[in-house]
Amino acid sequence: MNKHDQIIRERTGGIPVPVFDTAPFTHAPALRDATVAIVTTAGLQRPGDAKWGQGEQSFRVFERSERDLTSSHLSNNFDRSGMVADLNVAYPIDRLEELAHNGVIGAVAPRHLSFMGALDETMASLRQDTGPAAAKLLRDDGVDVVLLTPV
């Protein structure tokens, strides 16, 4: 284990993991009938958007048609080279469009979300505020399935 990995392990090893009394579960429709959205932690933004703040737990919403997105992910551990070459590495919107066109999925959601993956250890705002707000937005858009692309 290298020194950086050891430091991360020391800083995060004692963080308590939340325990939930119940685990909600739903049955999604078959993929051929499902509306699919992307939720990424690539810290995506539009040109001219404000940069993400360190530990920021909000999310940004992108319309299905938007492609001029860049990552402002703050982690030094994130290799951006693949995403620079092809946005679909972290935000596979074109692949979803192809799947919908070919009938593999029912539809591509009208909106998709990006969070900043470099979060503080508590994630309190994410659990209590922005996470539920993001889920509501997706539910209101009729999303059945979310494709999570962590970075």
# chains A, B, ... in the order shown; residues from 1 in each chain; ligands from 1
call {"tool": "select_by_dssp", "arguments": {"residues": "chain A", "states": "strand (DSSP E or B)", "output": "PDB file with all heavy atoms, in the first residue's frame"}}
result
ATOM      1  N   THR A  35     -37.582   4.036 -18.407  1.00  0.00           N
ATOM      2  CA  THR A  35     -36.953   5.328 -18.661  1.00  0.00           C
ATOM      3  C   THR A  35     -35.701   5.377 -17.805  1.00  0.00           C
ATOM      4  O   THR A  35     -35.764   5.146 -16.590  1.00  0.00           O
ATOM      5  CB  THR A  35     -37.906   6.482 -18.307  1.00  0.00           C
ATOM      6  OG1 THR A  35     -39.046   6.387 -19.161  1.00  0.00           O
ATOM      7  CG2 THR A  35     -37.237   7.829 -18.483  1.00  0.00           C
ATOM      8  N   VAL A  36     -34.573   5.680 -18.429  1.00  0.00           N
ATOM      9  CA  VAL A  36     -33.272   5.599 -17.760  1.00  0.00           C
ATOM     10  C   VAL A  36     -32.624   6.981 -17.684  1.00  0.00           C
ATOM     11  O   VAL A  36     -32.606   7.724 -18.663  1.00  0.00           O
ATOM     12  CB  VAL A  36     -32.335   4.626 -18.518  1.00  0.00           C
ATOM     13  CG1 VAL A  36     -30.983   4.512 -17.807  1.00  0.00           C
ATOM     14  CG2 VAL A  36     -32.990   3.252 -18.647  1.00  0.00           C
ATOM     15  N   ALA A  37     -32.077   7.289 -16.506  1.00  0.00           N
ATOM     16  CA  ALA A  37     -31.347   8.543 -16.293  1.00  0.00           C
ATOM     17  C   ALA A  37     -29.927   8.226 -15.843  1.00  0.00           C
ATOM     18  O   ALA A  37     -29.659   7.153 -15.296  1.00  0.00           O
ATOM     19  CB  ALA A  37     -32.034   9.392 -15.224  1.00  0.00           C
ATOM     20  N   ILE A  38     -29.041   9.176 -16.045  1.00  0.00           N
ATOM     21  CA  ILE A  38     -27.654   9.066 -15.585  1.00  0.00           C
ATOM     22  C   ILE A  38     -27.493   9.902 -14.327  1.00  0.00           C
ATOM     23  O   ILE A  38     -27.950  11.046 -14.273  1.00  0.00           O
ATOM     24  CB  ILE A  38     -26.665   9.575 -16.653  1.00  0.00           C
ATOM     25  CG1 ILE A  38     -26.788   8.770 -17.933  1.00  0.00           C
ATOM     26  CG2 ILE A  38     -25.228   9.563 -16.110  1.00  0.00           C
ATOM     27  CD1 ILE A  38     -26.073   9.395 -19.111  1.00  0.00           C
ATOM     28  N   VAL A  39     -26.830   9.329 -13.337  1.00  0.00           N
ATOM     29  CA  VAL A  39     -26.373  10.074 -12.170  1.00  0.00           C
ATOM     30  C   VAL A  39     -24.882   9.793 -12.064  1.00  0.00           C
ATOM     31  O   VAL A  39     -24.469   8.647 -11.908  1.00  0.00           O
ATOM     32  CB  VAL A  39     -27.103   9.661 -10.876  1.00  0.00           C
ATOM     33  CG1 VAL A  39     -26.508  10.370  -9.674  1.00  0.00           C
ATOM     34  CG2 VAL A  39     -28.595   9.954 -10.980  1.00  0.00           C
ATOM     35  N   THR A  40     -24.081  10.853 -12.195  1.00  0.00           N
ATOM     36  CA  THR A  40     -22.629  10.695 -12.173  1.00  0.00           C
ATOM     37  C   THR A  40     -22.029  11.493 -11.023  1.00  0.00           C
ATOM     38  O   THR A  40     -22.636  12.451 -10.536  1.00  0.00           O
ATOM     39  CB  THR A  40     -22.002  11.133 -13.512  1.00  0.00           C
ATOM     40  OG1 THR A  40     -20.598  10.867 -13.480  1.00  0.00           O
ATOM     41  CG2 THR A  40     -22.248  12.596 -13.807  1.00  0.00           C
ATOM     42  N   ALA A  42     -18.994  12.818 -11.539  1.00  0.00           N
ATOM     43  CA  ALA A  42     -17.873  13.407 -12.282  1.00  0.00           C
ATOM     44  C   ALA A  42     -17.733  14.913 -12.069  1.00  0.00           C
ATOM     45  O   ALA A  42     -16.829  15.520 -12.619  1.00  0.00           O
ATOM     46  CB  ALA A  42     -18.024  13.118 -13.768  1.00  0.00           C
ATOM     47  N   LEU A  44     -19.661  17.327 -13.212  1.00  0.00           N
ATOM     48  CA  LEU A  44     -19.846  17.947 -14.519  1.00  0.00           C
ATOM     49  C   LEU A  44     -20.386  19.363 -14.392  1.00  0.00           C
ATOM     50  O   LEU A  44     -21.098  19.687 -13.443  1.00  0.00           O
ATOM     51  CB  LEU A  44     -20.808  17.123 -15.373  1.00  0.00           C
ATOM     52  CG  LEU A  44     -20.357  15.721 -15.744  1.00  0.00           C
ATOM     53  CD1 LEU A  44     -21.437  15.026 -16.557  1.00  0.00           C
ATOM     54  CD2 LEU A  44     -19.042  15.746 -16.496  1.00  0.00           C
ATOM     55  N   GLN A  45     -20.042  20.170 -15.375  1.00  0.00           N
ATOM     56  CA  GLN A  45     -20.565  21.531 -15.442  1.00  0.00           C
ATOM     57  C   GLN A  45     -20.576  21.994 -16.884  1.00  0.00           C
ATOM     58  O   GLN A  45     -19.902  21.432 -17.736  1.00  0.00           O
ATOM     59  CB  GLN A  45     -19.727  22.472 -14.593  1.00  0.00           C
ATOM     60  CG  GLN A  45     -18.301  22.642 -15.091  1.00  0.00           C
ATOM     61  CD  GLN A  45     -17.512  23.554 -14.196  1.00  0.00           C
ATOM     62  OE1 GLN A  45     -17.511  23.383 -12.995  1.00  0.00           O
ATOM     63  NE2 GLN A  45     -16.857  24.533 -14.785  1.00  0.00           N
ATOM     64  N   GLY A  55     -15.937  19.582  -1.309  1.00  0.00           N
ATOM     65  CA  GLY A  55     -16.912  18.910  -0.467  1.00  0.00           C
ATOM     66  C   GLY A  55     -18.354  19.269  -0.768  1.00  0.00           C
ATOM     67  O   GLY A  55     -19.255  18.878  -0.034  1.00  0.00           O
ATOM     68  N   PHE A  59     -26.177  19.092  -6.446  1.00  0.00           N
ATOM     69  CA  PHE A  59     -26.112  18.413  -7.733  1.00  0.00           C
ATOM     70  C   PHE A  59     -26.483  19.405  -8.816  1.00  0.00           C
ATOM     71  O   PHE A  59     -27.077  20.447  -8.555  1.00  0.00           O
ATOM     72  CB  PHE A  59     -27.020  17.174  -7.778  1.00  0.00           C
ATOM     73  CG  PHE A  59     -28.483  17.450  -7.572  1.00  0.00           C
ATOM     74  CD1 PHE A  59     -29.324  17.714  -8.650  1.00  0.00           C
ATOM     75  CD2 PHE A  59     -29.030  17.433  -6.297  1.00  0.00           C
ATOM     76  CE1 PHE A  59     -30.666  17.951  -8.462  1.00  0.00           C
ATOM     77  CE2 PHE A  59     -30.381  17.672  -6.095  1.00  0.00           C
ATOM     78  CZ  PHE A  59     -31.203  17.933  -7.179  1.00  0.00           C
ATOM     79  N   ARG A  60     -26.108  19.078 -10.022  1.00  0.00           N
ATOM     80  CA  ARG A  60     -26.451  19.897 -11.181  1.00  0.00           C
ATOM     81  C   ARG A  60     -27.287  19.063 -12.131  1.00  0.00           C
ATOM     82  O   ARG A  60     -27.090  17.856 -12.256  1.00  0.00           O
ATOM     83  CB  ARG A  60     -25.193  20.414 -11.857  1.00  0.00           C
ATOM     84  CG  ARG A  60     -24.393  21.265 -10.849  1.00  0.00           C
ATOM     85  CD  ARG A  60     -23.380  22.123 -11.447  1.00  0.00           C
ATOM     86  NE  ARG A  60     -22.633  22.781 -10.366  1.00  0.00           N
ATOM     87  CZ  ARG A  60     -21.546  23.474 -10.568  1.00  0.00           C
ATOM     88  NH1 ARG A  60     -21.074  23.617 -11.798  1.00  0.00           N
ATOM     89  NH2 ARG A  60     -20.927  24.040  -9.555  1.00  0.00           N
ATOM     90  N   VAL A  61     -28.195  19.740 -12.786  1.00  0.00           N
ATOM     91  CA  VAL A  61     -29.157  19.087 -13.670  1.00  0.00           C
ATOM     92  C   VAL A  61     -28.820  19.442 -15.115  1.00  0.00           C
ATOM     93  O   VAL A  61     -28.586  20.616 -15.428  1.00  0.00           O
ATOM     94  CB  VAL A  61     -30.593  19.558 -13.341  1.00  0.00           C
ATOM     95  CG1 VAL A  61     -31.606  18.861 -14.247  1.00  0.00           C
ATOM     96  CG2 VAL A  61     -30.911  19.312 -11.872  1.00  0.00           C
ATOM     97  N   PHE A  62     -28.792  18.432 -15.965  1.00  0.00           N
ATOM     98  CA  PHE A  62     -28.503  18.632 -17.384  1.00  0.00           C
ATOM     99  C   PHE A  62     -29.642  18.061 -18.220  1.00  0.00           C
ATOM    100  O   PHE A  62     -30.127  16.969 -17.961  1.00  0.00           O
ATOM    101  CB  PHE A  62     -27.182  17.964 -17.774  1.00  0.00           C
ATOM    102  CG  PHE A  62     -26.033  18.470 -16.957  1.00  0.00           C
ATOM    103  CD1 PHE A  62     -25.443  17.668 -15.999  1.00  0.00           C
ATOM    104  CD2 PHE A  62     -25.567  19.761 -17.125  1.00  0.00           C
ATOM    105  CE1 PHE A  62     -24.400  18.141 -15.231  1.00  0.00           C
ATOM    106  CE2 PHE A  62     -24.532  20.249 -16.355  1.00  0.00           C
ATOM    107  CZ  PHE A  62     -23.939  19.441 -15.406  1.00  0.00           C
ATOM    108  N   GLU A  63     -30.030  18.825 -19.218  1.00  0.00           N
ATOM    109  CA  GLU A  63     -31.056  18.370 -20.156  1.00  0.00           C
ATOM    110  C   GLU A  63     -30.476  17.265 -21.028  1.00  0.00           C
ATOM    111  O   GLU A  63     -29.277  17.214 -21.291  1.00  0.00           O
ATOM    112  CB  GLU A  63     -31.536  19.539 -21.022  1.00  0.00           C
ATOM    113  CG  GLU A  63     -32.169  20.680 -20.245  1.00  0.00           C
ATOM    114  CD  GLU A  63     -33.431  20.277 -19.503  1.00  0.00           C
ATOM    115  OE1 GLU A  63     -34.215  19.466 -20.051  1.00  0.00           O
ATOM    116  OE2 GLU A  63     -33.635  20.760 -18.370  1.00  0.00           O
ATOM    117  N   THR A  70     -18.090  19.611 -19.121  1.00  0.00           N
ATOM    118  CA  THR A  70     -16.730  19.289 -18.717  1.00  0.00           C
ATOM    119  C   THR A  70     -16.730  18.910 -17.246  1.00  0.00           C
ATOM    120  O   THR A  70     -17.672  19.227 -16.518  1.00  0.00           O
ATOM    121  CB  THR A  70     -15.765  20.477 -18.923  1.00  0.00           C
ATOM    122  OG1 THR A  70     -16.244  21.585 -18.158  1.00  0.00           O
ATOM    123  CG2 THR A  70     -15.664  20.854 -20.390  1.00  0.00           C
ATOM    124  N   SER A  71     -15.678  18.273 -16.818  1.00  0.00           N
ATOM    125  CA  SER A  71     -15.558  17.880 -15.422  1.00  0.00           C
ATOM    126  C   SER A  71     -14.686  18.883 -14.684  1.00  0.00           C
ATOM    127  O   SER A  71     -13.641  19.294 -15.177  1.00  0.00           O
ATOM    128  CB  SER A  71     -14.931  16.492 -15.306  1.00  0.00           C
ATOM    129  OG  SER A  71     -14.750  16.164 -13.947  1.00  0.00           O
ATOM    130  N   ALA A 107     -36.804   4.521 -22.882  1.00  0.00           N
ATOM    131  CA  ALA A 107     -36.594   5.940 -23.167  1.00  0.00           C
ATOM    132  C   ALA A 107     -35.415   6.460 -22.365  1.00  0.00           C
ATOM    133  O   ALA A 107     -35.050   5.909 -21.326  1.00  0.00           O
ATOM    134  CB  ALA A 107     -37.844   6.743 -22.820  1.00  0.00           C
ATOM    135  N   VAL A 108     -34.848   7.542 -22.869  1.00  0.00           N
ATOM    136  CA  VAL A 108     -33.818   8.281 -22.146  1.00  0.00           C
ATOM    137  C   VAL A 108     -34.537   9.379 -21.380  1.00  0.00           C
ATOM    138  O   VAL A 108     -35.391  10.080 -21.930  1.00  0.00           O
ATOM    139  CB  VAL A 108     -32.777   8.890 -23.119  1.00  0.00           C
ATOM    140  CG1 VAL A 108     -31.740   9.690 -22.363  1.00  0.00           C
ATOM    141  CG2 VAL A 108     -32.126   7.793 -23.945  1.00  0.00           C
ATOM    142  N   ARG A 111     -33.868  14.578 -18.128  1.00  0.00           N
ATOM    143  CA  ARG A 111     -32.802  15.258 -17.372  1.00  0.00           C
ATOM    144  C   ARG A 111     -31.921  14.241 -16.655  1.00  0.00           C
ATOM    145  O   ARG A 111     -32.363  13.153 -16.312  1.00  0.00           O
ATOM    146  CB  ARG A 111     -33.414  16.220 -16.344  1.00  0.00           C
ATOM    147  CG  ARG A 111     -34.255  17.297 -16.998  1.00  0.00           C
ATOM    148  CD  ARG A 111     -34.786  18.291 -16.006  1.00  0.00           C
ATOM    149  NE  ARG A 111     -35.830  17.693 -15.171  1.00  0.00           N
ATOM    150  CZ  ARG A 111     -36.446  18.344 -14.187  1.00  0.00           C
ATOM    151  NH1 ARG A 111     -36.123  19.583 -13.911  1.00  0.00           N
ATOM    152  NH2 ARG A 111     -37.384  17.740 -13.478  1.00  0.00           N
ATOM    153  N   HIS A 112     -30.666  14.652 -16.442  1.00  0.00           N
ATOM    154  CA  HIS A 112     -29.663  13.800 -15.803  1.00  0.00           C
ATOM    155  C   HIS A 112     -28.931  14.632 -14.760  1.00  0.00           C
ATOM    156  O   HIS A 112     -28.931  15.865 -14.819  1.00  0.00           O
ATOM    157  CB  HIS A 112     -28.703  13.238 -16.851  1.00  0.00           C
ATOM    158  CG  HIS A 112     -29.442  12.536 -17.945  1.00  0.00           C
ATOM    159  ND1 HIS A 112     -29.810  11.225 -17.865  1.00  0.00           N
ATOM    160  CD2 HIS A 112     -29.946  12.993 -19.128  1.00  0.00           C
ATOM    161  CE1 HIS A 112     -30.486  10.883 -18.947  1.00  0.00           C
ATOM    162  NE2 HIS A 112     -30.583  11.950 -19.725  1.00  0.00           N
ATOM    163  N   LEU A 113     -28.254  13.957 -13.811  1.00  0.00           N
ATOM    164  CA  LEU A 113     -27.667  14.659 -12.672  1.00  0.00           C
ATOM    165  C   LEU A 113     -26.183  14.384 -12.533  1.00  0.00           C
ATOM    166  O   LEU A 113     -25.710  13.292 -12.835  1.00  0.00           O
ATOM    167  CB  LEU A 113     -28.357  14.214 -11.378  1.00  0.00           C
ATOM    168  CG  LEU A 113     -29.873  14.269 -11.338  1.00  0.00           C
ATOM    169  CD1 LEU A 113     -30.379  13.769  -9.999  1.00  0.00           C
ATOM    170  CD2 LEU A 113     -30.370  15.664 -11.634  1.00  0.00           C
ATOM    171  N   SER A 114     -25.491  15.395 -12.025  1.00  0.00           N
ATOM    172  CA  SER A 114     -24.083  15.230 -11.667  1.00  0.00           C
ATOM    173  C   SER A 114     -23.869  15.751 -10.260  1.00  0.00           C
ATOM    174  O   SER A 114     -24.332  16.836  -9.899  1.00  0.00           O
ATOM    175  CB  SER A 114     -23.172  15.987 -12.624  1.00  0.00           C
ATOM    176  OG  SER A 114     -21.818  15.774 -12.249  1.00  0.00           O
ATOM    177  N   PHE A 115     -23.177  14.960  -9.493  1.00  0.00           N
ATOM    178  CA  PHE A 115     -22.704  15.344  -8.169  1.00  0.00           C
ATOM    179  C   PHE A 115     -21.196  15.477  -8.240  1.00  0.00           C
ATOM    180  O   PHE A 115     -20.562  15.019  -9.185  1.00  0.00           O
ATOM    181  CB  PHE A 115     -23.039  14.252  -7.134  1.00  0.00           C
ATOM    182  CG  PHE A 115     -24.499  14.146  -6.798  1.00  0.00           C
ATOM    183  CD1 PHE A 115     -25.361  13.398  -7.579  1.00  0.00           C
ATOM    184  CD2 PHE A 115     -25.001  14.784  -5.675  1.00  0.00           C
ATOM    185  CE1 PHE A 115     -26.708  13.289  -7.267  1.00  0.00           C
ATOM    186  CE2 PHE A 115     -26.342  14.688  -5.342  1.00  0.00           C
ATOM    187  CZ  PHE A 115     -27.195  13.935  -6.143  1.00  0.00           C
ATOM    188  N   MET A 116     -20.615  16.071  -7.219  1.00  0.00           N
ATOM    189  CA  MET A 116     -19.161  16.100  -7.059  1.00  0.00           C
ATOM    190  C   MET A 116     -18.794  14.880  -6.229  1.00  0.00           C
ATOM    191  O   MET A 116     -19.323  14.710  -5.125  1.00  0.00           O
ATOM    192  CB  MET A 116     -18.738  17.383  -6.334  1.00  0.00           C
ATOM    193  CG  MET A 116     -17.283  17.399  -5.899  1.00  0.00           C
ATOM    194  SD  MET A 116     -16.123  17.143  -7.225  1.00  0.00           S
ATOM    195  CE  MET A 116     -16.353  18.634  -8.141  1.00  0.00           C
ATOM    196  N   LEU A 119     -16.408  14.258  -1.683  1.00  0.00           N
ATOM    197  CA  LEU A 119     -17.264  14.756  -0.608  1.00  0.00           C
ATOM    198  C   LEU A 119     -16.588  14.618   0.738  1.00  0.00           C
ATOM    199  O   LEU A 119     -15.681  13.808   0.914  1.00  0.00           O
ATOM    200  CB  LEU A 119     -18.574  13.975  -0.588  1.00  0.00           C
ATOM    201  CG  LEU A 119     -19.421  14.049  -1.852  1.00  0.00           C
ATOM    202  CD1 LEU A 119     -20.614  13.132  -1.736  1.00  0.00           C
ATOM    203  CD2 LEU A 119     -19.849  15.467  -2.137  1.00  0.00           C
ATOM    204  N   VAL A 145     -35.097   3.675 -13.905  1.00  0.00           N
ATOM    205  CA  VAL A 145     -33.777   3.093 -13.672  1.00  0.00           C
ATOM    206  C   VAL A 145     -32.740   4.202 -13.748  1.00  0.00           C
ATOM    207  O   VAL A 145     -32.820   5.081 -14.608  1.00  0.00           O
ATOM    208  CB  VAL A 145     -33.450   2.021 -14.739  1.00  0.00           C
ATOM    209  CG1 VAL A 145     -32.031   1.499 -14.593  1.00  0.00           C
ATOM    210  CG2 VAL A 145     -34.457   0.877 -14.677  1.00  0.00           C
ATOM    211  N   VAL A 146     -31.778   4.144 -12.836  1.00  0.00           N
ATOM    212  CA  VAL A 146     -30.675   5.114 -12.850  1.00  0.00           C
ATOM    213  C   VAL A 146     -29.384   4.379 -13.136  1.00  0.00           C
ATOM    214  O   VAL A 146     -29.083   3.361 -12.520  1.00  0.00           O
ATOM    215  CB  VAL A 146     -30.584   5.854 -11.491  1.00  0.00           C
ATOM    216  CG1 VAL A 146     -29.326   6.715 -11.428  1.00  0.00           C
ATOM    217  CG2 VAL A 146     -31.818   6.698 -11.249  1.00  0.00           C
ATOM    218  N   LEU A 147     -28.634   4.909 -14.095  1.00  0.00           N
ATOM    219  CA  LEU A 147     -27.307   4.396 -14.392  1.00  0.00           C
ATOM    220  C   LEU A 147     -26.324   5.251 -13.599  1.00  0.00           C
ATOM    221  O   LEU A 147     -26.168   6.449 -13.857  1.00  0.00           O
ATOM    222  CB  LEU A 147     -27.025   4.509 -15.895  1.00  0.00           C
ATOM    223  CG  LEU A 147     -25.625   4.121 -16.359  1.00  0.00           C
ATOM    224  CD1 LEU A 147     -25.321   2.671 -16.005  1.00  0.00           C
ATOM    225  CD2 LEU A 147     -25.489   4.360 -17.840  1.00  0.00           C
ATOM    226  N   LEU A 148     -25.695   4.656 -12.592  1.00  0.00           N
ATOM    227  CA  LEU A 148     -24.743   5.369 -11.756  1.00  0.00           C
ATOM    228  C   LEU A 148     -23.350   5.250 -12.358  1.00  0.00           C
ATOM    229  O   LEU A 148     -22.891   4.137 -12.636  1.00  0.00           O
ATOM    230  CB  LEU A 148     -24.729   4.801 -10.333  1.00  0.00           C
ATOM    231  CG  LEU A 148     -26.050   4.865  -9.586  1.00  0.00           C
ATOM    232  CD1 LEU A 148     -25.943   4.109  -8.265  1.00  0.00           C
ATOM    233  CD2 LEU A 148     -26.457   6.305  -9.344  1.00  0.00           C
ATOM    234  N   THR A 149     -22.698   6.377 -12.566  1.00  0.00           N
ATOM    235  CA  THR A 149     -21.331   6.359 -13.090  1.00  0.00           C
ATOM    236  C   THR A 149     -20.425   7.064 -12.102  1.00  0.00           C
ATOM    237  O   THR A 149     -20.191   8.256 -12.194  1.00  0.00           O
ATOM    238  CB  THR A 149     -21.243   7.005 -14.487  1.00  0.00           C
ATOM    239  OG1 THR A 149     -21.705   8.353 -14.418  1.00  0.00           O
ATOM    240  CG2 THR A 149     -22.062   6.230 -15.500  1.00  0.00           C
TER     241      THR A 149
END
call {"tool": "residues_around", "arguments": {"residues": "segment 17-34 of chain A", "least_positions_apart": "3", "cutoff": "7 Å", "atoms": "only C-alpha atoms", "output": "list in words"}}
result
Gly103, Val104, Ile105, Gly106, Ala107, Asp144 and Val145 of chain A
call {"tool": "select_by_dssp", "arguments": {"residues": "segment 17-109 of chain A", "states": "helix (DSSP H, G or I)", "output": "PyMOL selection string"}}
result
chain A and resi 31-33+81-85+87-89+93-101
call {"tool": "write_last_selection", "arguments": {"atoms": "all heavy atoms", "output": "short mmCIF file (atom, residue, chain, number, x, y, z; two decimals), in the first residue's frame"}}
result
data_model
loop_
_atom_site.label_atom_id
_atom_site.label_comp_id
_atom_site.auth_asym_id
_atom_site.auth_seq_id
_atom_site.Cartn_x
_atom_site.Cartn_y
_atom_site.Cartn_z
N LEU A 31 -36.27 -3.47 -18.90
CA LEU A 31 -35.49 -2.39 -19.49
C LEU A 31 -36.10 -1.87 -20.78
O LEU A 31 -36.07 -0.67 -21.05
CB LEU A 31 -34.05 -2.84 -19.74
CG LEU A 31 -33.13 -2.82 -18.53
CD1 LEU A 31 -31.75 -3.36 -18.91
CD2 LEU A 31 -33.01 -1.44 -17.93
N ARG A 32 -36.68 -2.74 -21.58
CA ARG A 32 -37.27 -2.29 -22.85
C ARG A 32 -38.43 -1.32 -22.64
O ARG A 32 -38.86 -0.64 -23.56
CB ARG A 32 -37.71 -3.49 -23.68
CG ARG A 32 -38.89 -4.22 -23.14
CD ARG A 32 -39.30 -5.41 -24.01
NE ARG A 32 -40.35 -6.17 -23.36
CZ ARG A 32 -40.15 -7.11 -22.44
NH1 ARG A 32 -38.92 -7.43 -22.07
NH2 ARG A 32 -41.17 -7.74 -21.89
N ASP A 33 -38.96 -1.26 -21.38
CA ASP A 33 -40.05 -0.36 -21.05
C ASP A 33 -39.62 0.75 -20.09
O ASP A 33 -40.44 1.59 -19.72
CB ASP A 33 -41.20 -1.14 -20.40
CG ASP A 33 -41.74 -2.23 -21.31
OD1 ASP A 33 -41.85 -1.98 -22.53
OD2 ASP A 33 -42.03 -3.34 -20.81
N SER A 81 -8.36 11.77 -18.28
CA SER A 81 -7.95 11.60 -19.68
C SER A 81 -9.01 10.89 -20.52
O SER A 81 -9.26 11.28 -21.65
CB SER A 81 -6.60 10.88 -19.77
OG SER A 81 -6.68 9.60 -19.16
N GLY A 82 -9.63 9.85 -20.00
CA GLY A 82 -10.65 9.15 -20.77
C GLY A 82 -11.85 10.02 -21.05
O GLY A 82 -12.38 10.03 -22.16
N MET A 83 -12.26 10.78 -20.05
CA MET A 83 -13.41 11.64 -20.22
C MET A 83 -13.13 12.82 -21.15
O MET A 83 -14.02 13.29 -21.86
CB MET A 83 -13.89 12.16 -18.87
CG MET A 83 -15.31 12.61 -18.92
SD MET A 83 -15.88 13.00 -17.29
CE MET A 83 -16.02 14.74 -17.49
N VAL A 84 -11.89 13.28 -21.16
CA VAL A 84 -11.52 14.35 -22.10
C VAL A 84 -11.65 13.85 -23.53
O VAL A 84 -12.12 14.56 -24.41
CB VAL A 84 -10.09 14.86 -21.80
CG1 VAL A 84 -9.59 15.76 -22.91
CG2 VAL A 84 -10.06 15.59 -20.47
N ALA A 85 -11.27 12.61 -23.74
CA ALA A 85 -11.37 12.02 -25.07
C ALA A 85 -12.81 11.72 -25.46
O ALA A 85 -13.18 11.86 -26.62
CB ALA A 85 -10.53 10.74 -25.14
N LEU A 87 -16.76 12.12 -23.56
CA LEU A 87 -17.64 12.42 -22.43
C LEU A 87 -18.39 11.17 -21.96
O LEU A 87 -18.69 11.02 -20.77
CB LEU A 87 -18.65 13.51 -22.83
CG LEU A 87 -19.69 13.91 -21.81
CD1 LEU A 87 -19.03 14.54 -20.59
CD2 LEU A 87 -20.71 14.87 -22.43
N ASN A 88 -18.65 10.25 -22.88
CA ASN A 88 -19.42 9.05 -22.54
C ASN A 88 -18.73 8.13 -21.54
O ASN A 88 -19.36 7.24 -20.99
CB ASN A 88 -19.77 8.28 -23.81
CG ASN A 88 -20.85 8.98 -24.59
OD1 ASN A 88 -22.02 8.84 -24.29
ND2 ASN A 88 -20.45 9.75 -25.59
N VAL A 89 -17.46 8.35 -21.28
CA VAL A 89 -16.76 7.55 -20.28
C VAL A 89 -17.42 7.73 -18.91
O VAL A 89 -17.62 6.77 -18.17
CB VAL A 89 -15.26 7.92 -20.22
CG1 VAL A 89 -14.57 7.30 -19.02
CG2 VAL A 89 -14.58 7.49 -21.51
N ILE A 93 -24.35 9.40 -22.22
CA ILE A 93 -25.62 9.84 -22.78
C ILE A 93 -25.80 9.34 -24.22
O ILE A 93 -26.91 8.92 -24.59
CB ILE A 93 -25.76 11.38 -22.70
CG1 ILE A 93 -27.17 11.83 -23.11
CG2 ILE A 93 -24.69 12.09 -23.51
CD1 ILE A 93 -28.24 11.43 -22.14
N ASP A 94 -24.75 9.35 -25.01
CA ASP A 94 -24.88 8.85 -26.39
C ASP A 94 -25.16 7.35 -26.42
O ASP A 94 -25.89 6.86 -27.28
CB ASP A 94 -23.64 9.17 -27.21
CG ASP A 94 -23.43 10.67 -27.37
OD1 ASP A 94 -24.43 11.41 -27.44
OD2 ASP A 94 -22.26 11.11 -27.43
N ARG A 95 -24.58 6.61 -25.48
CA ARG A 95 -24.85 5.18 -25.42
C ARG A 95 -26.31 4.93 -25.03
O ARG A 95 -26.96 4.01 -25.55
CB ARG A 95 -23.93 4.48 -24.41
CG ARG A 95 -22.42 4.61 -24.66
CD ARG A 95 -21.89 4.08 -25.99
NE ARG A 95 -22.13 4.87 -27.15
CZ ARG A 95 -21.40 5.92 -27.57
NH1 ARG A 95 -20.37 6.34 -26.89
NH2 ARG A 95 -21.71 6.55 -28.68
N LEU A 96 -26.85 5.74 -24.10
CA LEU A 96 -28.26 5.59 -23.75
C LEU A 96 -29.15 5.89 -24.95
O LEU A 96 -30.15 5.19 -25.18
CB LEU A 96 -28.64 6.51 -22.59
CG LEU A 96 -28.28 6.07 -21.18
CD1 LEU A 96 -28.87 7.04 -20.16
CD2 LEU A 96 -28.72 4.65 -20.89
N GLU A 97 -28.81 6.93 -25.70
CA GLU A 97 -29.58 7.27 -26.90
C GLU A 97 -29.59 6.09 -27.87
O GLU A 97 -30.63 5.76 -28.45
CB GLU A 97 -29.02 8.52 -27.58
CG GLU A 97 -29.11 9.78 -26.77
CD GLU A 97 -30.51 10.39 -26.71
OE1 GLU A 97 -31.47 9.84 -27.29
OE2 GLU A 97 -30.64 11.43 -26.05
N GLU A 98 -28.44 5.44 -28.03
CA GLU A 98 -28.36 4.27 -28.92
C GLU A 98 -29.21 3.12 -28.39
O GLU A 98 -29.91 2.45 -29.17
CB GLU A 98 -26.91 3.82 -29.06
CG GLU A 98 -26.03 4.78 -29.82
CD GLU A 98 -24.55 4.46 -29.70
OE1 GLU A 98 -24.18 3.48 -29.02
OE2 GLU A 98 -23.75 5.21 -30.29
N LEU A 99 -29.16 2.89 -27.08
CA LEU A 99 -29.97 1.82 -26.50
C LEU A 99 -31.46 2.07 -26.68
O LEU A 99 -32.23 1.15 -26.97
CB LEU A 99 -29.63 1.66 -25.01
CG LEU A 99 -28.24 1.10 -24.70
CD1 LEU A 99 -27.95 1.20 -23.21
CD2 LEU A 99 -28.11 -0.34 -25.20
N ALA A 100 -31.87 3.33 -26.53
CA ALA A 100 -33.28 3.67 -26.75
C ALA A 100 -33.65 3.49 -28.22
O ALA A 100 -34.71 2.92 -28.54
CB ALA A 100 -33.55 5.10 -26.29
N HIS A 101 -32.79 3.96 -29.10
CA HIS A 101 -33.04 3.84 -30.54
C HIS A 101 -33.19 2.38 -30.96
O HIS A 101 -34.01 2.04 -31.83
CB HIS A 101 -31.91 4.51 -31.33
CG HIS A 101 -32.06 4.38 -32.81
ND1 HIS A 101 -32.95 5.14 -33.54
CD2 HIS A 101 -31.44 3.56 -33.71
CE1 HIS A 101 -32.88 4.80 -34.81
NE2 HIS A 101 -31.96 3.84 -34.95
#
call {"tool": "closest_residue", "arguments": {"among": "A:Asn2, A:Asn77, A:Gln128, A:Asn102", "to": "Ser58 of chain A", "atoms": "only C-alpha atoms"}}
result
A:Gln128
